[in-house]
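Trainee: Below you'll find work_20.pdb; it's PDB, N, CA and C atoms, pLDDT in the B column.
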ATOM      1  N   MET K   1      17.267  92.647  75.772  1.00 87.00           N
ATOM      2  CA  MET K   1      18.458  92.052  75.188  1.00 87.00           C
ATOM      3  C   MET K   1      19.262  91.403  76.326  1.00 87.00           C
ATOM      4  N   ALA K   2      19.701  90.202  76.140  1.00 93.00           N
ATOM      5  CA  ALA K   2      20.448  89.453  77.156  1.00 93.00           C
ATOM      6  C   ALA K   2      21.940  89.772  77.051  1.00 93.00           C
ATOM      7  N   LYS K   3      22.619  89.693  78.203  1.00 95.00           N
ATOM      8  CA  LYS K   3      24.069  89.934  78.291  1.00 95.00           C
ATOM      9  C   LYS K   3      24.683  88.864  79.171  1.00 95.00           C
ATOM     10  N   LEU K   4      25.989  88.790  79.127  1.00 95.00           N
ATOM     11  CA  LEU K   4      26.743  87.965  80.076  1.00 95.00           C
ATOM     12  C   LEU K   4      27.515  88.900  80.994  1.00 95.00           C
ATOM     13  N   ARG K   5      27.606  88.523  82.256  1.00 96.00           N
ATOM     14  CA  ARG K   5      28.343  89.318  83.241  1.00 96.00           C
ATOM     15  C   ARG K   5      29.180  88.367  84.078  1.00 96.00           C
ATOM     16  N   LYS K   6      30.398  88.814  84.438  1.00 95.00           N
ATOM     17  CA  LYS K   6      31.224  88.011  85.335  1.00 95.00           C
ATOM     18  C   LYS K   6      31.944  88.935  86.299  1.00 95.00           C
ATOM     19  N   LEU K   7      32.220  88.416  87.467  1.00 95.00           N
ATOM     20  CA  LEU K   7      32.982  89.129  88.478  1.00 95.00           C
ATOM     21  C   LEU K   7      34.447  88.779  88.298  1.00 95.00           C
ATOM     22  N   VAL K   8      35.300  89.797  88.207  1.00 95.00           N
ATOM     23  CA  VAL K   8      36.738  89.584  88.068  1.00 95.00           C
ATOM     24  C   VAL K   8      37.419  90.224  89.276  1.00 95.00           C
ATOM     25  N   THR K   9      38.260  89.455  89.940  1.00 96.00           N
ATOM     26  CA  THR K   9      38.996  89.954  91.102  1.00 96.00           C
ATOM     27  C   THR K   9      40.478  89.991  90.770  1.00 96.00           C
ATOM     28  N   TYR K  10      41.077  91.162  90.922  1.00 94.00           N
ATOM     29  CA  TYR K  10      42.513  91.326  90.709  1.00 94.00           C
ATOM     30  C   TYR K  10      43.178  91.516  92.064  1.00 94.00           C
ATOM     31  N   THR K  11      44.246  90.794  92.287  1.00 97.00           N
ATOM     32  CA  THR K  11      45.033  90.945  93.506  1.00 97.00           C
ATOM     33  C   THR K  11      46.461  91.276  93.095  1.00 97.00           C
ATOM     34  N   ASP K  12      46.976  92.363  93.649  1.00 96.00           N
ATOM     35  CA  ASP K  12      48.321  92.815  93.318  1.00 96.00           C
ATOM     36  C   ASP K  12      49.235  92.533  94.510  1.00 96.00           C
ATOM     37  N   TYR K  13      50.233  91.692  94.305  1.00 97.00           N
ATOM     38  CA  TYR K  13      51.230  91.398  95.331  1.00 97.00           C
ATOM     39  C   TYR K  13      52.471  92.222  95.028  1.00 97.00           C
ATOM     40  N   ARG K  14      53.004  92.887  96.050  1.00 97.00           N
ATOM     41  CA  ARG K  14      54.178  93.750  95.866  1.00 97.00           C
ATOM     42  C   ARG K  14      55.262  93.360  96.866  1.00 97.00           C
ATOM     43  N   TRP K  15      56.481  93.278  96.374  1.00 97.00           N
ATOM     44  CA  TRP K  15      57.634  93.082  97.244  1.00 97.00           C
ATOM     45  C   TRP K  15      58.409  94.387  97.230  1.00 97.00           C
ATOM     46  N   GLU K  16      58.623  94.944  98.405  1.00 97.00           N
ATOM     47  CA  GLU K  16      59.339  96.208  98.527  1.00 97.00           C
ATOM     48  C   GLU K  16      60.521  96.025  99.466  1.00 97.00           C
ATOM     49  N   GLU K  17      61.625  96.692  99.143  1.00 98.00           N
ATOM     50  CA  GLU K  17      62.838  96.597  99.967  1.00 98.00           C
ATOM     51  C   GLU K  17      63.397  97.987 100.201  1.00 98.00           C
ATOM     52  N   THR K  18      64.246  98.064 101.211  1.00 97.00           N
ATOM     53  CA  THR K  18      64.961  99.304 101.510  1.00 97.00           C
ATOM     54  C   THR K  18      66.387  99.199 100.968  1.00 97.00           C
ATOM     55  N   GLU K  19      67.094 100.292 101.050  1.00 97.00           N
ATOM     56  CA  GLU K  19      68.536 100.248 100.819  1.00 97.00           C
ATOM     57  C   GLU K  19      69.140  99.446 101.978  1.00 97.00           C
ATOM     58  N   GLU K  20      70.425  99.146 101.902  1.00 97.00           N
ATOM     59  CA  GLU K  20      71.064  98.417 103.003  1.00 97.00           C
ATOM     60  C   GLU K  20      70.970  99.223 104.292  1.00 97.00           C
ATOM     61  N   LEU K  21      70.685  98.507 105.370  1.00 97.00           N
ATOM     62  CA  LEU K  21      70.604  99.153 106.675  1.00 97.00           C
ATOM     63  C   LEU K  21      71.998  99.485 107.184  1.00 97.00           C
ATOM     64  N   THR K  22      72.064 100.565 107.942  1.00 97.00           N
ATOM     65  CA  THR K  22      73.325 100.912 108.593  1.00 97.00           C
ATOM     66  C   THR K  22      73.530  99.945 109.758  1.00 97.00           C
ATOM     67  N   PRO K  23      74.756  99.838 110.272  1.00 97.00           N
ATOM     68  CA  PRO K  23      74.971  98.965 111.435  1.00 97.00           C
ATOM     69  C   PRO K  23      74.077  99.353 112.625  1.00 97.00           C
ATOM     70  N   GLU K  24      73.871 100.657 112.819  1.00 98.00           N
ATOM     71  CA  GLU K  24      73.021 101.118 113.933  1.00 98.00           C
ATOM     72  C   GLU K  24      71.560 100.711 113.695  1.00 98.00           C
ATOM     73  N   GLN K  25      71.081 100.857 112.473  1.00 98.00           N
ATOM     74  CA  GLN K  25      69.703 100.453 112.157  1.00 98.00           C
ATOM     75  C   GLN K  25      69.529  98.955 112.328  1.00 98.00           C
ATOM     76  N   LEU K  26      70.509  98.202 111.903  1.00 97.00           N
ATOM     77  CA  LEU K  26      70.453  96.756 112.048  1.00 97.00           C
ATOM     78  C   LEU K  26      70.408  96.357 113.524  1.00 97.00           C
ATOM     79  N   LYS K  27      71.190  97.009 114.321  1.00 98.00           N
ATOM     80  CA  LYS K  27      71.208  96.733 115.765  1.00 98.00           C
ATOM     81  C   LYS K  27      69.836  97.032 116.374  1.00 98.00           C
ATOM     82  N   LYS K  28      69.259  98.160 116.015  1.00 97.00           N
ATOM     83  CA  LYS K  28      67.922  98.515 116.512  1.00 97.00           C
ATOM     84  C   LYS K  28      66.893  97.490 116.069  1.00 97.00           C
ATOM     85  N   TRP K  29      66.959  97.082 114.821  1.00 97.00           N
ATOM     86  CA  TRP K  29      65.961  96.141 114.303  1.00 97.00           C
ATOM     87  C   TRP K  29      66.053  94.792 115.004  1.00 97.00           C
ATOM     88  N   LYS K  30      67.259  94.318 115.196  1.00 97.00           N
ATOM     89  CA  LYS K  30      67.455  93.016 115.832  1.00 97.00           C
ATOM     90  C   LYS K  30      67.121  93.027 117.321  1.00 97.00           C
ATOM     91  N   SER K  31      66.988  94.199 117.907  1.00 97.00           N
ATOM     92  CA  SER K  31      66.676  94.296 119.336  1.00 97.00           C
ATOM     93  C   SER K  31      65.277  93.785 119.664  1.00 97.00           C
ATOM     94  N   LYS K  32      64.409  93.724 118.653  1.00 93.00           N
ATOM     95  CA  LYS K  32      63.012  93.308 118.823  1.00 93.00           C
ATOM     96  C   LYS K  32      62.189  94.326 119.614  1.00 93.00           C
ATOM     97  N   ASP K  33      62.770  95.464 119.930  1.00 97.00           N
ATOM     98  CA  ASP K  33      62.065  96.543 120.624  1.00 97.00           C
ATOM     99  C   ASP K  33      61.254  97.310 119.567  1.00 97.00           C
ATOM    100  N   GLU K  34      59.935  97.303 119.712  1.00 97.00           N
ATOM    101  CA  GLU K  34      59.083  97.919 118.696  1.00 97.00           C
ATOM    102  C   GLU K  34      59.331  99.416 118.548  1.00 97.00           C
ATOM    103  N   ASN K  35      59.667 100.087 119.617  1.00 98.00           N
ATOM    104  CA  ASN K  35      59.956 101.532 119.538  1.00 98.00           C
ATOM    105  C   ASN K  35      61.202 101.781 118.690  1.00 98.00           C
ATOM    106  N   LEU K  36      62.222 100.957 118.887  1.00 98.00           N
ATOM    107  CA  LEU K  36      63.439 101.099 118.095  1.00 98.00           C
ATOM    108  C   LEU K  36      63.191 100.711 116.638  1.00 98.00           C
ATOM    109  N   GLN K  37      62.391  99.687 116.438  1.00 97.00           N
ATOM    110  CA  GLN K  37      62.061  99.288 115.077  1.00 97.00           C
ATOM    111  C   GLN K  37      61.259 100.377 114.366  1.00 97.00           C
ATOM    112  N   ASP K  38      60.375 101.051 115.104  1.00 98.00           N
ATOM    113  CA  ASP K  38      59.637 102.184 114.529  1.00 98.00           C
ATOM    114  C   ASP K  38      60.585 103.298 114.099  1.00 98.00           C
ATOM    115  N   GLU K  39      61.621 103.508 114.876  1.00 97.00           N
ATOM    116  CA  GLU K  39      62.627 104.522 114.509  1.00 97.00           C
ATOM    117  C   GLU K  39      63.277 104.164 113.168  1.00 97.00           C
ATOM    118  N   VAL K  40      63.607 102.897 113.010  1.00 97.00           N
ATOM    119  CA  VAL K  40      64.223 102.448 111.758  1.00 97.00           C
ATOM    120  C   VAL K  40      63.244 102.659 110.606  1.00 97.00           C
ATOM    121  N   LEU K  41      61.989 102.301 110.807  1.00 97.00           N
ATOM    122  CA  LEU K  41      60.993 102.470 109.748  1.00 97.00           C
ATOM    123  C   LEU K  41      60.823 103.938 109.358  1.00 97.00           C
ATOM    124  N   ASP K  42      60.981 104.824 110.322  1.00 98.00           N
ATOM    125  CA  ASP K  42      60.888 106.263 110.034  1.00 98.00           C
ATOM    126  C   ASP K  42      62.093 106.750 109.211  1.00 98.00           C
ATOM    127  N   GLU K  43      63.199 106.053 109.311  1.00 97.00           N
ATOM    128  CA  GLU K  43      64.439 106.488 108.654  1.00 97.00           C
ATOM    129  C   GLU K  43      64.614 105.937 107.238  1.00 97.00           C
ATOM    130  N   VAL K  44      63.894 104.899 106.878  1.00 98.00           N
ATOM    131  CA  VAL K  44      64.111 104.235 105.592  1.00 98.00           C
ATOM    132  C   VAL K  44      62.941 104.456 104.640  1.00 98.00           C
ATOM    133  N   GLU K  45      63.187 104.174 103.367  1.00 98.00           N
ATOM    134  CA  GLU K  45      62.135 104.206 102.358  1.00 98.00           C
ATOM    135  C   GLU K  45      62.126 102.868 101.636  1.00 98.00           C
ATOM    136  N   PHE K  46      60.936 102.371 101.396  1.00 97.00           N
ATOM    137  CA  PHE K  46      60.777 101.115 100.668  1.00 97.00           C
ATOM    138  C   PHE K  46      60.555 101.413  99.197  1.00 97.00           C
ATOM    139  N   GLU K  47      61.170 100.597  98.341  1.00 97.00           N
ATOM    140  CA  GLU K  47      60.996 100.744  96.904  1.00 97.00           C
ATOM    141  C   GLU K  47      60.560  99.401  96.325  1.00 97.00           C
ATOM    142  N   LEU K  48      59.723  99.474  95.317  1.00 97.00           N
ATOM    143  CA  LEU K  48      59.219  98.282  94.656  1.00 97.00           C
ATOM    144  C   LEU K  48      60.360  97.531  93.980  1.00 97.00           C
ATOM    145  N   VAL K  49      60.463  96.242  94.263  1.00 97.00           N
ATOM    146  CA  VAL K  49      61.476  95.415  93.599  1.00 97.00           C
ATOM    147  C   VAL K  49      60.843  94.338  92.730  1.00 97.00           C
ATOM    148  N   ARG K  50      59.565  94.030  93.003  1.00 97.00           N
ATOM    149  CA  ARG K  50      58.882  93.007  92.206  1.00 97.00           C
ATOM    150  C   ARG K  50      57.391  93.106  92.479  1.00 97.00           C
ATOM    151  N   ASP K  51      56.592  92.794  91.489  1.00 97.00           N
ATOM    152  CA  ASP K  51      55.161  92.691  91.728  1.00 97.00           C
ATOM    153  C   ASP K  51      54.563  91.602  90.866  1.00 97.00           C
ATOM    154  N   LYS K  52      53.386  91.165  91.273  1.00 96.00           N
ATOM    155  CA  LYS K  52      52.696  90.107  90.542  1.00 96.00           C
ATOM    156  C   LYS K  52      51.199  90.349  90.692  1.00 96.00           C
ATOM    157  N   VAL K  53      50.489  90.239  89.584  1.00 94.00           N
ATOM    158  CA  VAL K  53      49.043  90.415  89.608  1.00 94.00           C
ATOM    159  C   VAL K  53      48.385  89.069  89.332  1.00 94.00           C
ATOM    160  N   ASN K  54      47.485  88.694  90.205  1.00 95.00           N
ATOM    161  CA  ASN K  54      46.704  87.484  90.003  1.00 95.00           C
ATOM    162  C   ASN K  54      45.290  87.883  89.611  1.00 95.00           C
ATOM    163  N   GLU K  55      44.725  87.138  88.691  1.00 94.00           N
ATOM    164  CA  GLU K  55      43.358  87.404  88.241  1.00 94.00           C
ATOM    165  C   GLU K  55      42.522  86.158  88.481  1.00 94.00           C
ATOM    166  N   ASP K  56      41.369  86.359  89.059  1.00 94.00           N
ATOM    167  CA  ASP K  56      40.442  85.267  89.290  1.00 94.00           C
ATOM    168  C   ASP K  56      39.071  85.745  88.841  1.00 94.00           C
ATOM    169  N   HIS K  57      38.321  84.897  88.167  1.00 91.00           N
ATOM    170  CA  HIS K  57      37.002  85.334  87.724  1.00 91.00           C
ATOM    171  C   HIS K  57      35.992  84.200  87.864  1.00 91.00           C
ATOM    172  N   ASP K  58      34.756  84.605  88.096  1.00 93.00           N
ATOM    173  CA  ASP K  58      33.660  83.650  88.182  1.00 93.00           C
ATOM    174  C   ASP K  58      33.176  83.316  86.780  1.00 93.00           C
ATOM    175  N   TRP K  59      32.424  82.236  86.685  1.00 93.00           N
ATOM    176  CA  TRP K  59      31.835  81.863  85.421  1.00 93.00           C
ATOM    177  C   TRP K  59      30.770  82.912  85.071  1.00 93.00           C
ATOM    178  N   PRO K  60      30.722  83.338  83.806  1.00 93.00           N
ATOM    179  CA  PRO K  60      29.744  84.353  83.427  1.00 93.00           C
ATOM    180  C   PRO K  60      28.294  83.911  83.717  1.00 93.00           C
ATOM    181  N   GLU K  61      27.490  84.875  84.111  1.00 93.00           N
ATOM    182  CA  GLU K  61      26.067  84.610  84.346  1.00 93.00           C
ATOM    183  C   GLU K  61      25.254  85.347  83.286  1.00 93.00           C
ATOM    184  N   LEU K  62      24.101  84.816  82.998  1.00 94.00           N
ATOM    185  CA  LEU K  62      23.215  85.430  82.029  1.00 94.00           C
ATOM    186  C   LEU K  62      22.425  86.527  82.728  1.00 94.00           C
ATOM    187  N   VAL K  63      22.433  87.728  82.144  1.00 93.00           N
ATOM    188  CA  VAL K  63      21.677  88.855  82.683  1.00 93.00           C
ATOM    189  C   VAL K  63      20.584  89.174  81.670  1.00 93.00           C
ATOM    190  N   ASP K  64      19.329  89.044  82.105  1.00 88.00           N
ATOM    191  CA  ASP K  64      18.206  89.344  81.201  1.00 88.00           C
ATOM    192  C   ASP K  64      17.888  90.815  81.165  1.00 88.00           C
TER
END
Go through the file and emit its structure as structure tokens.
Mentor:
Amino acid sequence: MAKLRKLVTYTDYRWEETEELTPEQLKKWKSKDENLQDEVLDEVEFELVRDKVNEDHDWPELVD
């Protein structure tokens, strides 16, 4: 019995943000010092604010 098969690729794009940075966190971030920026990343949490799913698929192929 013959079938059709297609490959479907889903890509999920996510935008995540933190709460407002404190003045000290902002100062550390703007310093461009990666160690200080790592400290800020350790102190904050990111939350989903938007997402988008893209779907792409190939033309179906005949499977014998």
Trainee: Assuming the chain letters and numbering stay as they are in my file, what does the PyMOL selection byres ((chain K and resi 64) around 6.5) actually select? List them as a list in words.
Mentor: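 Given this file, the PyMOL selection byres ((chain K and resi 64) around 6.5) evaluates to Met1, Ala2, Lys3, Leu62 and Val63 of chain K.
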Trainee: Could you work out how far CA of Leu41 in chain K lies from CA of Lys28 in chain K, giving the answer in Å with one decimal?
Mentor: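 Interatomic distance, CA of Lys28 in chain K to CA of Leu41 in chain K: 10.5 Å.
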Trainee: Would you kindly translate the PyMOL selection byres ((chain K and resi 56) around 6.5) into the concrete residues it picks from this file, as a list in words?
Mentor: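 Taken on the displayed file, the PyMOL selection byres ((chain K and resi 56) around 6.5) yields the residues Leu7, Val8, Thr9, Tyr10, Thr11, Asn54, Glu55, His57 and Asp58 of chain K.
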Trainee: Export, as a short mmCIF file (atom, residue, chain, number, x, y, z; two decimals), keeping the file's coordinate frame, the selected residues with N, CA and C atoms.
Mentor:
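Contents of the output file selection.cif:
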data_model
loop_
_atom_site.label_atom_id
_atom_site.label_comp_id
_atom_site.auth_asym_id
_atom_site.auth_seq_id
_atom_site.Cartn_x
_atom_site.Cartn_y
_atom_site.Cartn_z
N LEU K 7 32.22 88.42 87.47
CA LEU K 7 32.98 89.13 88.48
C LEU K 7 34.45 88.78 88.30
N VAL K 8 35.30 89.80 88.21
CA VAL K 8 36.74 89.58 88.07
C VAL K 8 37.42 90.22 89.28
N THR K 9 38.26 89.46 89.94
CA THR K 9 39.00 89.95 91.10
C THR K 9 40.48 89.99 90.77
N TYR K 10 41.08 91.16 90.92
CA TYR K 10 42.51 91.33 90.71
C TYR K 10 43.18 91.52 92.06
N THR K 11 44.25 90.79 92.29
CA THR K 11 45.03 90.94 93.51
C THR K 11 46.46 91.28 93.10
N ASN K 54 47.48 88.69 90.20
CA ASN K 54 46.70 87.48 90.00
C ASN K 54 45.29 87.88 89.61
N GLU K 55 44.72 87.14 88.69
CA GLU K 55 43.36 87.40 88.24
C GLU K 55 42.52 86.16 88.48
N HIS K 57 38.32 84.90 88.17
CA HIS K 57 37.00 85.33 87.72
C HIS K 57 35.99 84.20 87.86
N ASP K 58 34.76 84.60 88.10
CA ASP K 58 33.66 83.65 88.18
C ASP K 58 33.18 83.32 86.78
#
Trainee: Suppose a student applies the PyMOL selection byres ((chain K and resi 17) around 5) to this structure; what residues should they get, written as a PyMOL selection string?
Mentor: chain K and resi 15-16+18-19+46-47
Trainee: With N, CA and C atoms retained, could you export that selection as a PDB file, in the coordinates of the input?
Mentor:
ATOM      1  N   TRP K  15      56.481  93.278  96.374  1.00 97.00           N
ATOM      2  CA  TRP K  15      57.634  93.082  97.244  1.00 97.00           C
ATOM      3  C   TRP K  15      58.409  94.387  97.230  1.00 97.00           C
ATOM      4  N   GLU K  16      58.623  94.944  98.405  1.00 97.00           N
ATOM      5  CA  GLU K  16      59.339  96.208  98.527  1.00 97.00           C
ATOM      6  C   GLU K  16      60.521  96.025  99.466  1.00 97.00           C
ATOM      7  N   THR K  18      64.246  98.064 101.211  1.00 97.00           N
ATOM      8  CA  THR K  18      64.961  99.304 101.510  1.00 97.00           C
ATOM      9  C   THR K  18      66.387  99.199 100.968  1.00 97.00           C
ATOM     10  N   GLU K  19      67.094 100.292 101.050  1.00 97.00           N
ATOM     11  CA  GLU K  19      68.536 100.248 100.819  1.00 97.00           C
ATOM     12  C   GLU K  19      69.140  99.446 101.978  1.00 97.00           C
ATOM     13  N   PHE K  46      60.936 102.371 101.396  1.00 97.00           N
ATOM     14  CA  PHE K  46      60.777 101.115 100.668  1.00 97.00           C
ATOM     15  C   PHE K  46      60.555 101.413  99.197  1.00 97.00           C
ATOM     16  N   GLU K  47      61.170 100.597  98.341  1.00 97.00           N
ATOM     17  CA  GLU K  47      60.996 100.744  96.904  1.00 97.00           C
ATOM     18  C   GLU K  47      60.560  99.401  96.325  1.00 97.00           C
TER      19      GLU K  47
END
Trainee: Taking the chain letters and numbering used in this document, name the residues of chain K that DSSP puts in alpha helix (DSSP H), as a list in words.
Mentor: Pro23, Glu24, Gln25, Leu26, Lys27, Lys28, Trp29, Lys30, Glu34, Asn35, Leu36, Gln37, Asp38, Glu39, Val40, Leu41, Asp42 and Glu43 of chain K
Trainee: With distances taken over all atoms listed in the file, which residue among K:Gln25, K:Asp51, K:Asp12, K:Leu4 lies nearest Glu39 in chain K?
Mentor: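 Residue with the minimum atom-to-atom distance to Glu39 in chain K: K:Gln25.
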Trainee: Give me the box for range 2-5 of chain K as AutoDock Vina command-line options, namely the centre and edge lengths in Å to one decimal of a box along x, y and z that holds every listed atom plus 5 Å on each side.
Mentor:
--center_x 24.4 --center_y 89.1 --center_z 80.1 --size_x 19.5 --size_y 12.2 --size_z 17.9
Trainee: So how many Å separate atom N of Asn35 in chain K and atom C of Pro23 in chain K, to one decimal?
Mentor: 16.0 Å
Trainee: From the options K:Val40, K:Lys6, K:Arg50, K:Glu34, which residue's atoms come nearest to Thr22 in chain K, counting only C-alpha atoms?
Mentor: K:Val40
Trainee: Rank nothing, just name the residue among K:Tyr13, K:Leu26, K:Leu36, K:Leu21 nearest to Lys52 in chain K, using all atoms listed in the file.
Mentor: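 Closest to Lys52 in chain K of all the choices is K:Tyr13.
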